[in-house]
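J.: PDB, N, CA and C atoms, file final.pdb:
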```pdb
ATOM      1  N   MET A 104     -41.492 -29.221  37.469
ATOM      2  CA  MET A 104     -40.731 -29.895  36.430
ATOM      3  C   MET A 104     -40.141 -31.210  36.932
ATOM      4  N   ALA A 105     -40.868 -31.851  37.827
ATOM      5  CA  ALA A 105     -40.407 -33.127  38.354
ATOM      6  C   ALA A 105     -40.339 -34.192  37.263
ATOM      7  N   TRP A 106     -41.127 -34.029  36.217
ATOM      8  CA  TRP A 106     -41.128 -34.987  35.120
ATOM      9  C   TRP A 106     -39.763 -35.081  34.456
ATOM     10  N   ARG A 107     -38.960 -34.022  34.529
ATOM     11  CA  ARG A 107     -37.639 -34.039  33.887
ATOM     12  C   ARG A 107     -36.719 -35.097  34.492
ATOM     13  N   ALA A 108     -36.881 -35.353  35.790
ATOM     14  CA  ALA A 108     -36.033 -36.351  36.447
ATOM     15  C   ALA A 108     -36.317 -37.756  35.944
ATOM     16  N   SER A 109     -37.532 -37.998  35.470
ATOM     17  CA  SER A 109     -37.888 -39.334  34.981
ATOM     18  C   SER A 109     -37.896 -39.414  33.457
ATOM     19  N   LEU A 110     -37.327 -38.428  32.805
ATOM     20  CA  LEU A 110     -37.319 -38.368  31.345
ATOM     21  C   LEU A 110     -36.693 -39.614  30.727
ATOM     22  N   SER A 111     -35.590 -40.073  31.290
ATOM     23  CA  SER A 111     -34.874 -41.207  30.691
ATOM     24  C   SER A 111     -35.540 -42.556  30.956
ATOM     25  N   ARG A 112     -36.600 -42.596  31.727
ATOM     26  CA  ARG A 112     -37.306 -43.871  31.934
ATOM     27  C   ARG A 112     -38.016 -44.323  30.660
ATOM     28  N   ASN A 113     -38.649 -43.388  29.963
ATOM     29  CA  ASN A 113     -39.388 -43.723  28.751
ATOM     30  C   ASN A 113     -38.619 -43.394  27.484
ATOM     31  N   VAL A 114     -37.880 -42.290  27.509
ATOM     32  CA  VAL A 114     -37.198 -41.802  26.318
ATOM     33  C   VAL A 114     -35.761 -42.302  26.300
ATOM     34  N   LYS A 115     -35.324 -42.800  25.153
ATOM     35  CA  LYS A 115     -33.960 -43.312  25.012
ATOM     36  C   LYS A 115     -33.014 -42.295  24.386
ATOM     37  N   GLU A 116     -33.577 -41.291  23.694
ATOM     38  CA  GLU A 116     -32.764 -40.261  23.061
ATOM     39  C   GLU A 116     -33.661 -39.070  22.723
ATOM     40  N   ILE A 117     -33.102 -37.874  22.842
ATOM     41  CA  ILE A 117     -33.792 -36.649  22.450
ATOM     42  C   ILE A 117     -32.934 -35.951  21.406
ATOM     43  N   ARG A 118     -33.591 -35.454  20.351
ATOM     44  CA  ARG A 118     -32.885 -34.714  19.305
ATOM     45  C   ARG A 118     -33.581 -33.393  19.031
ATOM     46  N   PHE A 119     -32.823 -32.316  19.082
ATOM     47  CA  PHE A 119     -33.314 -31.004  18.682
ATOM     48  C   PHE A 119     -32.706 -30.685  17.332
ATOM     49  N   LEU A 120     -33.531 -30.318  16.378
ATOM     50  CA  LEU A 120     -33.065 -29.884  15.060
ATOM     51  C   LEU A 120     -33.517 -28.444  14.873
ATOM     52  N   PHE A 121     -32.575 -27.587  14.479
ATOM     53  CA  PHE A 121     -32.936 -26.202  14.197
ATOM     54  C   PHE A 121     -31.876 -25.525  13.358
ATOM     55  N   CYS A 122     -32.250 -24.389  12.785
ATOM     56  CA  CYS A 122     -31.354 -23.571  11.971
ATOM     57  C   CYS A 122     -30.556 -22.653  12.899
ATOM     58  N   GLN A 123     -29.305 -22.413  12.568
ATOM     59  CA  GLN A 123     -28.448 -21.569  13.390
ATOM     60  C   GLN A 123     -28.853 -20.107  13.350
ATOM     61  N   SER A 124     -29.528 -19.679  12.288
ATOM     62  CA  SER A 124     -29.765 -18.248  12.118
ATOM     63  C   SER A 124     -31.217 -17.840  11.866
ATOM     64  N   SER A 125     -32.100 -18.748  11.561
ATOM     65  CA  SER A 125     -33.463 -18.343  11.203
ATOM     66  C   SER A 125     -34.258 -17.891  12.435
ATOM     67  N   PRO A 126     -35.099 -16.877  12.272
ATOM     68  CA  PRO A 126     -35.942 -16.410  13.379
ATOM     69  C   PRO A 126     -36.912 -17.492  13.877
ATOM     70  N   ALA A 127     -37.367 -18.366  13.000
ATOM     71  CA  ALA A 127     -38.299 -19.430  13.398
ATOM     72  C   ALA A 127     -37.660 -20.393  14.393
ATOM     73  N   SER A 128     -36.332 -20.540  14.330
ATOM     74  CA  SER A 128     -35.625 -21.449  15.233
ATOM     75  C   SER A 128     -35.161 -20.770  16.516
ATOM     76  N   GLY A 129     -35.364 -19.460  16.633
ATOM     77  CA  GLY A 129     -34.904 -18.714  17.807
ATOM     78  C   GLY A 129     -35.379 -19.273  19.140
ATOM     79  N   PRO A 130     -36.672 -19.508  19.321
ATOM     80  CA  PRO A 130     -37.129 -20.064  20.603
ATOM     81  C   PRO A 130     -36.540 -21.449  20.898
ATOM     82  N   ALA A 131     -36.351 -22.275  19.887
ATOM     83  CA  ALA A 131     -35.750 -23.601  20.099
ATOM     84  C   ALA A 131     -34.297 -23.464  20.547
ATOM     85  N   ARG A 132     -33.559 -22.547  19.916
ATOM     86  CA  ARG A 132     -32.165 -22.309  20.311
ATOM     87  C   ARG A 132     -32.090 -21.822  21.762
ATOM     88  N   GLU A 133     -32.968 -20.891  22.117
ATOM     89  CA  GLU A 133     -32.981 -20.361  23.481
ATOM     90  C   GLU A 133     -33.384 -21.439  24.488
ATOM     91  N   PHE A 134     -34.345 -22.276  24.120
ATOM     92  CA  PHE A 134     -34.760 -23.364  25.016
ATOM     93  C   PHE A 134     -33.582 -24.281  25.314
ATOM     94  N   VAL A 135     -32.836 -24.646  24.283
ATOM     95  CA  VAL A 135     -31.685 -25.530  24.480
ATOM     96  C   VAL A 135     -30.633 -24.840  25.354
ATOM     97  N   LYS A 136     -30.348 -23.578  25.082
ATOM     98  CA  LYS A 136     -29.351 -22.845  25.883
ATOM     99  C   LYS A 136     -29.730 -22.815  27.356
ATOM    100  N   LYS A 137     -30.993 -22.587  27.651
ATOM    101  CA  LYS A 137     -31.442 -22.430  29.033
ATOM    102  C   LYS A 137     -31.688 -23.749  29.758
ATOM    103  N   ASN A 138     -32.042 -24.809  29.026
ATOM    104  CA  ASN A 138     -32.507 -26.037  29.682
ATOM    105  C   ASN A 138     -31.611 -27.258  29.513
ATOM    106  N   TYR A 139     -30.645 -27.207  28.614
ATOM    107  CA  TYR A 139     -29.787 -28.369  28.367
ATOM    108  C   TYR A 139     -29.109 -28.838  29.655
ATOM    109  N   GLY A 140     -28.525 -27.908  30.398
ATOM    110  CA  GLY A 140     -27.817 -28.275  31.629
ATOM    111  C   GLY A 140     -28.705 -28.989  32.627
ATOM    112  N   ASP A 141     -29.909 -28.480  32.830
ATOM    113  CA  ASP A 141     -30.844 -29.092  33.779
ATOM    114  C   ASP A 141     -31.259 -30.490  33.321
ATOM    115  N   ILE A 142     -31.548 -30.618  32.043
ATOM    116  CA  ILE A 142     -31.963 -31.929  31.513
ATOM    117  C   ILE A 142     -30.835 -32.949  31.686
ATOM    118  N   LYS A 143     -29.599 -32.556  31.361
ATOM    119  CA  LYS A 143     -28.467 -33.489  31.473
ATOM    120  C   LYS A 143     -28.116 -33.789  32.933
ATOM    121  N   THR A 144     -28.280 -32.811  33.821
ATOM    122  CA  THR A 144     -28.012 -33.035  35.241
ATOM    123  C   THR A 144     -28.973 -34.070  35.809
ATOM    124  N   ARG A 145     -30.220 -33.974  35.412
ATOM    125  CA  ARG A 145     -31.238 -34.903  35.924
ATOM    126  C   ARG A 145     -31.242 -36.247  35.202
ATOM    127  N   ASN A 146     -30.683 -36.301  33.995
ATOM    128  CA  ASN A 146     -30.651 -37.526  33.187
ATOM    129  C   ASN A 146     -29.269 -37.675  32.551
ATOM    130  N   PRO A 147     -28.247 -37.970  33.351
ATOM    131  CA  PRO A 147     -26.875 -37.966  32.825
ATOM    132  C   PRO A 147     -26.591 -38.999  31.738
ATOM    133  N   THR A 148     -27.344 -40.067  31.676
ATOM    134  CA  THR A 148     -27.084 -41.092  30.660
ATOM    135  C   THR A 148     -27.940 -40.934  29.410
ATOM    136  N   LEU A 149     -28.871 -39.994  29.435
ATOM    137  CA  LEU A 149     -29.761 -39.780  28.291
ATOM    138  C   LEU A 149     -29.043 -38.984  27.205
ATOM    139  N   PRO A 150     -28.937 -39.542  25.992
ATOM    140  CA  PRO A 150     -28.350 -38.763  24.904
ATOM    141  C   PRO A 150     -29.280 -37.620  24.494
ATOM    142  N   VAL A 151     -28.752 -36.405  24.540
ATOM    143  CA  VAL A 151     -29.475 -35.220  24.081
ATOM    144  C   VAL A 151     -28.658 -34.650  22.934
ATOM    145  N   LEU A 152     -29.169 -34.807  21.727
ATOM    146  CA  LEU A 152     -28.435 -34.404  20.532
ATOM    147  C   LEU A 152     -28.970 -33.083  20.011
ATOM    148  N   ILE A 153     -28.052 -32.208  19.629
ATOM    149  CA  ILE A 153     -28.414 -30.926  19.045
ATOM    150  C   ILE A 153     -27.888 -30.916  17.624
ATOM    151  N   ARG A 154     -28.786 -30.798  16.668
ATOM    152  CA  ARG A 154     -28.417 -30.817  15.250
ATOM    153  C   ARG A 154     -28.785 -29.487  14.621
ATOM    154  N   GLU A 155     -27.788 -28.793  14.118
ATOM    155  CA  GLU A 155     -28.016 -27.525  13.439
ATOM    156  C   GLU A 155     -27.833 -27.722  11.943
ATOM    157  N   CYS A 156     -28.772 -27.198  11.185
ATOM    158  CA  CYS A 156     -28.724 -27.319   9.731
ATOM    159  C   CYS A 156     -29.364 -26.084   9.130
ATOM    160  N   SER A 157     -28.692 -25.471   8.204
ATOM    161  CA  SER A 157     -29.190 -24.252   7.587
ATOM    162  C   SER A 157     -30.532 -24.484   6.897
ATOM    163  N   GLY A 158     -31.504 -23.661   7.245
ATOM    164  CA  GLY A 158     -32.806 -23.706   6.584
ATOM    165  C   GLY A 158     -33.791 -24.736   7.102
ATOM    166  N   VAL A 159     -33.413 -25.558   8.063
ATOM    167  CA  VAL A 159     -34.326 -26.592   8.560
ATOM    168  C   VAL A 159     -35.349 -25.964   9.517
ATOM    169  N   GLN A 160     -36.564 -26.501   9.513
ATOM    170  CA  GLN A 160     -37.585 -26.072  10.452
ATOM    171  C   GLN A 160     -37.289 -26.698  11.812
ATOM    172  N   PRO A 161     -37.504 -25.962  12.906
ATOM    173  CA  PRO A 161     -37.190 -26.516  14.231
ATOM    174  C   PRO A 161     -38.080 -27.711  14.564
ATOM    175  N   GLN A 162     -37.440 -28.750  15.084
ATOM    176  CA  GLN A 162     -38.134 -29.995  15.413
ATOM    177  C   GLN A 162     -37.568 -30.581  16.697
ATOM    178  N   LEU A 163     -38.367 -31.365  17.365
ATOM    179  CA  LEU A 163     -37.948 -32.117  18.535
ATOM    180  C   LEU A 163     -38.311 -33.571  18.287
ATOM    181  N   TRP A 164     -37.309 -34.439  18.369
ATOM    182  CA  TRP A 164     -37.515 -35.871  18.162
ATOM    183  C   TRP A 164     -37.260 -36.608  19.463
ATOM    184  N   ALA A 165     -38.056 -37.613  19.734
ATOM    185  CA  ALA A 165     -37.846 -38.504  20.875
ATOM    186  C   ALA A 165     -37.818 -39.929  20.353
ATOM    187  N   ARG A 166     -36.803 -40.682  20.801
ATOM    188  CA  ARG A 166     -36.696 -42.097  20.431
ATOM    189  C   ARG A 166     -37.004 -42.926  21.667
ATOM    190  N   TYR A 167     -37.841 -43.940  21.468
ATOM    191  CA  TYR A 167     -38.274 -44.828  22.542
ATOM    192  C   TYR A 167     -37.711 -46.229  22.302
ATOM    193  N   ASP A 168     -38.137 -47.179  23.131
ATOM    194  CA  ASP A 168     -37.739 -48.582  22.939
ATOM    195  C   ASP A 168     -38.130 -49.077  21.552
ATOM    196  N   MET A 169     -37.408 -50.047  21.080
ATOM    197  CA  MET A 169     -37.678 -50.710  19.804
ATOM    198  C   MET A 169     -37.548 -49.761  18.615
ATOM    199  N   GLY A 170     -36.835 -48.654  18.774
ATOM    200  CA  GLY A 170     -36.587 -47.740  17.666
ATOM    201  C   GLY A 170     -37.762 -46.856  17.278
ATOM    202  N   VAL A 171     -38.811 -46.843  18.077
ATOM    203  CA  VAL A 171     -39.970 -45.999  17.787
ATOM    204  C   VAL A 171     -39.569 -44.542  18.009
ATOM    205  N   GLU A 172     -39.888 -43.678  17.033
ATOM    206  CA  GLU A 172     -39.563 -42.265  17.137
ATOM    207  C   GLU A 172     -40.807 -41.409  16.918
ATOM    208  N   ARG A 173     -40.850 -40.293  17.634
ATOM    209  CA  ARG A 173     -41.927 -39.335  17.463
ATOM    210  C   ARG A 173     -41.320 -37.956  17.272
ATOM    211  N   CYS A 174     -41.958 -37.158  16.415
ATOM    212  CA  CYS A 174     -41.467 -35.824  16.084
ATOM    213  C   CYS A 174     -42.523 -34.776  16.387
ATOM    214  N   VAL A 175     -42.070 -33.641  16.889
ATOM    215  CA  VAL A 175     -42.927 -32.490  17.122
ATOM    216  C   VAL A 175     -42.286 -31.302  16.420
ATOM    217  N   ARG A 176     -43.055 -30.598  15.618
ATOM    218  CA  ARG A 176     -42.576 -29.372  14.965
ATOM    219  C   ARG A 176     -42.619 -28.241  15.987
ATOM    220  N   LEU A 177     -41.563 -27.438  16.023
ATOM    221  CA  LEU A 177     -41.453 -26.387  17.023
ATOM    222  C   LEU A 177     -41.622 -24.982  16.470
ATOM    223  N   ASP A 178     -41.795 -24.840  15.149
ATOM    224  CA  ASP A 178     -41.903 -23.500  14.590
ATOM    225  C   ASP A 178     -43.171 -22.818  15.090
ATOM    226  N   GLY A 179     -43.005 -21.583  15.526
ATOM    227  CA  GLY A 179     -44.122 -20.811  16.042
ATOM    228  C   GLY A 179     -44.390 -21.015  17.520
ATOM    229  N   LEU A 180     -43.639 -21.888  18.188
ATOM    230  CA  LEU A 180     -43.862 -22.159  19.605
ATOM    231  C   LEU A 180     -42.934 -21.314  20.468
ATOM    232  N   THR A 181     -43.398 -20.962  21.655
ATOM    233  CA  THR A 181     -42.569 -20.249  22.626
ATOM    234  C   THR A 181     -41.737 -21.273  23.407
ATOM    235  N   GLU A 182     -40.817 -20.773  24.225
ATOM    236  CA  GLU A 182     -40.005 -21.678  25.045
ATOM    237  C   GLU A 182     -40.880 -22.492  26.003
ATOM    238  N   ALA A 183     -41.893 -21.860  26.579
ATOM    239  CA  ALA A 183     -42.801 -22.563  27.495
ATOM    240  C   ALA A 183     -43.572 -23.658  26.758
ATOM    241  N   GLN A 184     -43.983 -23.378  25.533
ATOM    242  CA  GLN A 184     -44.704 -24.383  24.750
ATOM    243  C   GLN A 184     -43.772 -25.533  24.354
ATOM    244  N   ILE A 185     -42.520 -25.224  24.068
ATOM    245  CA  ILE A 185     -41.539 -26.274  23.750
ATOM    246  C   ILE A 185     -41.344 -27.174  24.957
ATOM    247  N   ASP A 186     -41.267 -26.577  26.155
ATOM    248  CA  ASP A 186     -41.135 -27.359  27.382
ATOM    249  C   ASP A 186     -42.330 -28.287  27.552
ATOM    250  N   LYS A 187     -43.523 -27.792  27.262
ATOM    251  CA  LYS A 187     -44.739 -28.608  27.368
ATOM    252  C   LYS A 187     -44.712 -29.756  26.365
ATOM    253  N   LYS A 188     -44.236 -29.499  25.148
ATOM    254  CA  LYS A 188     -44.138 -30.554  24.125
ATOM    255  C   LYS A 188     -43.137 -31.633  24.565
ATOM    256  N   LEU A 189     -42.035 -31.209  25.172
ATOM    257  CA  LEU A 189     -41.063 -32.185  25.668
ATOM    258  C   LEU A 189     -41.675 -33.027  26.779
ATOM    259  N   GLU A 190     -42.428 -32.392  27.639
ATOM    260  CA  GLU A 190     -43.112 -33.132  28.709
ATOM    261  C   GLU A 190     -44.081 -34.149  28.138
ATOM    262  N   GLU A 191     -44.842 -33.756  27.112
ATOM    263  CA  GLU A 191     -45.779 -34.682  26.462
ATOM    264  C   GLU A 191     -45.041 -35.878  25.863
ATOM    265  N   LEU A 192     -43.919 -35.614  25.199
ATOM    266  CA  LEU A 192     -43.145 -36.709  24.626
ATOM    267  C   LEU A 192     -42.576 -37.619  25.705
ATOM    268  N   ALA A 193     -42.191 -37.039  26.840
ATOM    269  CA  ALA A 193     -41.640 -37.823  27.936
ATOM    270  C   ALA A 193     -42.677 -38.758  28.549
ATOM    271  N   LYS A 194     -43.926 -38.344  28.520
ATOM    272  CA  LYS A 194     -44.992 -39.155  29.113
ATOM    273  C   LYS A 194     -45.595 -40.142  28.126
ATOM    274  N   THR A 195     -45.189 -40.059  26.857
ATOM    275  CA  THR A 195     -45.658 -40.982  25.830
ATOM    276  C   THR A 195     -44.783 -42.224  25.857
ATOM    277  N   CYS A 196     -45.395 -43.348  25.722
ATOM    278  CA  CYS A 196     -44.609 -44.596  25.683
ATOM    279  C   CYS A 196     -44.623 -45.215  24.305
TER     280      CYS A 196
END
```
Give the structure from the file, written as structure tokens.

T.:
Amino acid sequence: MAWRASLSRNVKEIRFLFCQSSPASGPAREFVKKNYGDIKTRNPTLPVLIRECSGVQPQLWARYDMGVERCVRLDGLTEAQIDKKLEELAKTC
């Protein structure tokens, strides 16, 4: 997971959107609980936003330079797959 240390080089902001109670958002909630500390420790200046909204499908947003944003839907993904999606977004410019 060495890529996590360089996350803030390409990404200017990360946003997790998920429902507080829906089963579809469960893996996203668990991913944030388990990995938020590590991500912030390795990238202390990177804004990592957690947005909870009733009924929303789980999503991961990455904002890059010039306001470019990319979204990945997280419904149906495991925690390991969510980690892989974050890695893909981190390597995208």

J.: Can you pull out the residues contacting A:Ala131? Cut-off 7 Å, using only N, CA and C atoms, and skip same-chain residues under 4 positions away; I want them as an MDAnalysis selection string.

T.: chainID A and resid 127 135:136 161 177 180:182

J.: Output the residue selection produced by the PyMOL selection byres ((chain A and resi 110-126) around 6) on the file above, formatted as a PDB file with N, CA and C atoms, keeping the file's coordinate frame.

T.:
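Now in selection_37.pdb:
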```
ATOM      1  N   TRP A 106     -41.127 -34.029  36.217  1.00  0.00           N
ATOM      2  CA  TRP A 106     -41.128 -34.987  35.120  1.00  0.00           C
ATOM      3  C   TRP A 106     -39.763 -35.081  34.456  1.00  0.00           C
ATOM      4  N   ARG A 107     -38.960 -34.022  34.529  1.00  0.00           N
ATOM      5  CA  ARG A 107     -37.639 -34.039  33.887  1.00  0.00           C
ATOM      6  C   ARG A 107     -36.719 -35.097  34.492  1.00  0.00           C
ATOM      7  N   ALA A 108     -36.881 -35.353  35.790  1.00  0.00           N
ATOM      8  CA  ALA A 108     -36.033 -36.351  36.447  1.00  0.00           C
ATOM      9  C   ALA A 108     -36.317 -37.756  35.944  1.00  0.00           C
ATOM     10  N   SER A 109     -37.532 -37.998  35.470  1.00  0.00           N
ATOM     11  CA  SER A 109     -37.888 -39.334  34.981  1.00  0.00           C
ATOM     12  C   SER A 109     -37.896 -39.414  33.457  1.00  0.00           C
ATOM     13  N   ALA A 127     -37.367 -18.366  13.000  1.00  0.00           N
ATOM     14  CA  ALA A 127     -38.299 -19.430  13.398  1.00  0.00           C
ATOM     15  C   ALA A 127     -37.660 -20.393  14.393  1.00  0.00           C
ATOM     16  N   SER A 128     -36.332 -20.540  14.330  1.00  0.00           N
ATOM     17  CA  SER A 128     -35.625 -21.449  15.233  1.00  0.00           C
ATOM     18  C   SER A 128     -35.161 -20.770  16.516  1.00  0.00           C
ATOM     19  N   GLY A 129     -35.364 -19.460  16.633  1.00  0.00           N
ATOM     20  CA  GLY A 129     -34.904 -18.714  17.807  1.00  0.00           C
ATOM     21  C   GLY A 129     -35.379 -19.273  19.140  1.00  0.00           C
ATOM     22  N   PRO A 130     -36.672 -19.508  19.321  1.00  0.00           N
ATOM     23  CA  PRO A 130     -37.129 -20.064  20.603  1.00  0.00           C
ATOM     24  C   PRO A 130     -36.540 -21.449  20.898  1.00  0.00           C
ATOM     25  N   ASN A 146     -30.683 -36.301  33.995  1.00  0.00           N
ATOM     26  CA  ASN A 146     -30.651 -37.526  33.187  1.00  0.00           C
ATOM     27  C   ASN A 146     -29.269 -37.675  32.551  1.00  0.00           C
ATOM     28  N   LEU A 149     -28.871 -39.994  29.435  1.00  0.00           N
ATOM     29  CA  LEU A 149     -29.761 -39.780  28.291  1.00  0.00           C
ATOM     30  C   LEU A 149     -29.043 -38.984  27.205  1.00  0.00           C
ATOM     31  N   PRO A 150     -28.937 -39.542  25.992  1.00  0.00           N
ATOM     32  CA  PRO A 150     -28.350 -38.763  24.904  1.00  0.00           C
ATOM     33  C   PRO A 150     -29.280 -37.620  24.494  1.00  0.00           C
ATOM     34  N   VAL A 151     -28.752 -36.405  24.540  1.00  0.00           N
ATOM     35  CA  VAL A 151     -29.475 -35.220  24.081  1.00  0.00           C
ATOM     36  C   VAL A 151     -28.658 -34.650  22.934  1.00  0.00           C
ATOM     37  N   LEU A 152     -29.169 -34.807  21.727  1.00  0.00           N
ATOM     38  CA  LEU A 152     -28.435 -34.404  20.532  1.00  0.00           C
ATOM     39  C   LEU A 152     -28.970 -33.083  20.011  1.00  0.00           C
ATOM     40  N   ILE A 153     -28.052 -32.208  19.629  1.00  0.00           N
ATOM     41  CA  ILE A 153     -28.414 -30.926  19.045  1.00  0.00           C
ATOM     42  C   ILE A 153     -27.888 -30.916  17.624  1.00  0.00           C
ATOM     43  N   ARG A 154     -28.786 -30.798  16.668  1.00  0.00           N
ATOM     44  CA  ARG A 154     -28.417 -30.817  15.250  1.00  0.00           C
ATOM     45  C   ARG A 154     -28.785 -29.487  14.621  1.00  0.00           C
ATOM     46  N   GLU A 155     -27.788 -28.793  14.118  1.00  0.00           N
ATOM     47  CA  GLU A 155     -28.016 -27.525  13.439  1.00  0.00           C
ATOM     48  C   GLU A 155     -27.833 -27.722  11.943  1.00  0.00           C
ATOM     49  N   CYS A 156     -28.772 -27.198  11.185  1.00  0.00           N
ATOM     50  CA  CYS A 156     -28.724 -27.319   9.731  1.00  0.00           C
ATOM     51  C   CYS A 156     -29.364 -26.084   9.130  1.00  0.00           C
ATOM     52  N   SER A 157     -28.692 -25.471   8.204  1.00  0.00           N
ATOM     53  CA  SER A 157     -29.190 -24.252   7.587  1.00  0.00           C
ATOM     54  C   SER A 157     -30.532 -24.484   6.897  1.00  0.00           C
ATOM     55  N   GLY A 158     -31.504 -23.661   7.245  1.00  0.00           N
ATOM     56  CA  GLY A 158     -32.806 -23.706   6.584  1.00  0.00           C
ATOM     57  C   GLY A 158     -33.791 -24.736   7.102  1.00  0.00           C
ATOM     58  N   VAL A 159     -33.413 -25.558   8.063  1.00  0.00           N
ATOM     59  CA  VAL A 159     -34.326 -26.592   8.560  1.00  0.00           C
ATOM     60  C   VAL A 159     -35.349 -25.964   9.517  1.00  0.00           C
ATOM     61  N   GLN A 160     -36.564 -26.501   9.513  1.00  0.00           N
ATOM     62  CA  GLN A 160     -37.585 -26.072  10.452  1.00  0.00           C
ATOM     63  C   GLN A 160     -37.289 -26.698  11.812  1.00  0.00           C
ATOM     64  N   PRO A 161     -37.504 -25.962  12.906  1.00  0.00           N
ATOM     65  CA  PRO A 161     -37.190 -26.516  14.231  1.00  0.00           C
ATOM     66  C   PRO A 161     -38.080 -27.711  14.564  1.00  0.00           C
ATOM     67  N   GLN A 162     -37.440 -28.750  15.084  1.00  0.00           N
ATOM     68  CA  GLN A 162     -38.134 -29.995  15.413  1.00  0.00           C
ATOM     69  C   GLN A 162     -37.568 -30.581  16.697  1.00  0.00           C
ATOM     70  N   LEU A 163     -38.367 -31.365  17.365  1.00  0.00           N
ATOM     71  CA  LEU A 163     -37.948 -32.117  18.535  1.00  0.00           C
ATOM     72  C   LEU A 163     -38.311 -33.571  18.287  1.00  0.00           C
ATOM     73  N   TRP A 164     -37.309 -34.439  18.369  1.00  0.00           N
ATOM     74  CA  TRP A 164     -37.515 -35.871  18.162  1.00  0.00           C
ATOM     75  C   TRP A 164     -37.260 -36.608  19.463  1.00  0.00           C
ATOM     76  N   ALA A 165     -38.056 -37.613  19.734  1.00  0.00           N
ATOM     77  CA  ALA A 165     -37.846 -38.504  20.875  1.00  0.00           C
ATOM     78  C   ALA A 165     -37.818 -39.929  20.353  1.00  0.00           C
ATOM     79  N   ARG A 166     -36.803 -40.682  20.801  1.00  0.00           N
ATOM     80  CA  ARG A 166     -36.696 -42.097  20.431  1.00  0.00           C
ATOM     81  C   ARG A 166     -37.004 -42.926  21.667  1.00  0.00           C
ATOM     82  N   TYR A 167     -37.841 -43.940  21.468  1.00  0.00           N
ATOM     83  CA  TYR A 167     -38.274 -44.828  22.542  1.00  0.00           C
ATOM     84  C   TYR A 167     -37.711 -46.229  22.302  1.00  0.00           C
ATOM     85  N   ASP A 168     -38.137 -47.179  23.131  1.00  0.00           N
ATOM     86  CA  ASP A 168     -37.739 -48.582  22.939  1.00  0.00           C
ATOM     87  C   ASP A 168     -38.130 -49.077  21.552  1.00  0.00           C
ATOM     88  N   ALA A 193     -42.191 -37.039  26.840  1.00  0.00           N
ATOM     89  CA  ALA A 193     -41.640 -37.823  27.936  1.00  0.00           C
ATOM     90  C   ALA A 193     -42.677 -38.758  28.549  1.00  0.00           C
TER      91      ALA A 193
END
```

J.: Could you please determine the separation between atom CA of A:Leu189 and atom N of A:Val171 in Å, to one decimal place?

T.: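 Computing the Euclidean distance for atom CA of A:Leu189 and atom N of A:Val171 yields 16.7 Å.
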
J.: As an exercise, work out the distance from atom CA of A:Arg173 to atom N of A:Leu192 in Å and give it to one decimal place.

T.: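 Rounded to one decimal, the two atoms are 8.8 Å apart.
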
J.: For the strand (DSSP E or B) assignment from backbone DSSP, which residues of chain A qualify? Please present them as a PyMOL selection string.

T.: chain A and resi 116-121+151-155+162-166+172-176

J.: How many Å lie between atom CA of A:Gly170 and atom CA of A:Glu133, rounded to one decimal?

T.: 28.2 Å

J.: Report as a PyMOL selection string: the residues of chain A with a DSSP assignment of helix (DSSP H, G or I), based on the backbone of this structure.

T.: chain A and resi 105-113+126-145+168-170+182-194

J.: Which one is closest to A:Arg145: A:Ala183, A:Val175, A:Ala105, A:Met169? Count only C-alpha atoms.

T.: A:Ala105

J.: How big is the axis-aligned box around the listed atoms of stretch 142-158 of chain A once 8 Å is added on each side, and where is its centre? Give both in Å to one decimal, as AutoDock Vina command-line options.

T.:
```
--center_x -30.2 --center_y -32.4 --center_z 21.3 --size_x 23.2 --size_y 33.4 --size_z 45.3
```

J.: Would you mind exporting stretch 159-191 of chain A with C-alpha atoms, as a CSV table (one decimal), in the first residue's frame?

T.:
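Output below, filename decode06.csv:
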```csv
chain,number,residue,atom,x,y,z
A,159,VAL,CA,-27.8,7.4,-1.3
A,160,GLN,CA,-25.8,4.7,-3.2
A,161,PRO,CA,-22.2,4.4,-1.9
A,162,GLN,CA,-19.8,6.4,-4.0
A,163,LEU,CA,-16.2,7.5,-4.0
A,164,TRP,CA,-15.2,10.8,-5.6
A,165,ALA,CA,-11.7,12.1,-6.3
A,166,ARG,CA,-11.0,15.7,-7.2
A,167,TYR,CA,-7.9,16.6,-9.2
A,168,ASP,CA,-6.3,19.8,-10.5
A,169,MET,CA,-8.4,22.2,-12.4
A,170,GLY,CA,-11.6,21.0,-10.7
A,171,VAL,CA,-11.7,17.7,-12.6
A,172,GLU,CA,-13.7,15.1,-10.6
A,173,ARG,CA,-14.1,11.3,-11.1
A,174,CYS,CA,-16.7,9.1,-9.4
A,175,VAL,CA,-16.7,5.4,-8.7
A,176,ARG,CA,-19.9,3.6,-7.5
A,177,LEU,CA,-19.2,1.3,-4.6
A,178,ASP,CA,-22.4,-0.7,-4.3
A,179,GLY,CA,-21.7,-4.4,-4.4
A,180,LEU,CA,-18.0,-4.0,-3.8
A,181,THR,CA,-16.0,-5.5,-0.9
A,182,GLU,CA,-13.6,-3.5,1.2
A,183,ALA,CA,-10.6,-4.9,-0.8
A,184,GLN,CA,-12.3,-3.9,-4.0
A,185,ILE,CA,-12.9,-0.4,-2.6
A,186,ASP,CA,-9.2,-0.1,-1.8
A,187,LYS,CA,-8.4,-1.1,-5.3
A,188,LYS,CA,-10.8,1.5,-6.7
A,189,LEU,CA,-9.1,4.2,-4.5
A,190,GLU,CA,-5.7,3.1,-5.8
A,191,GLU,CA,-6.9,3.4,-9.4
```
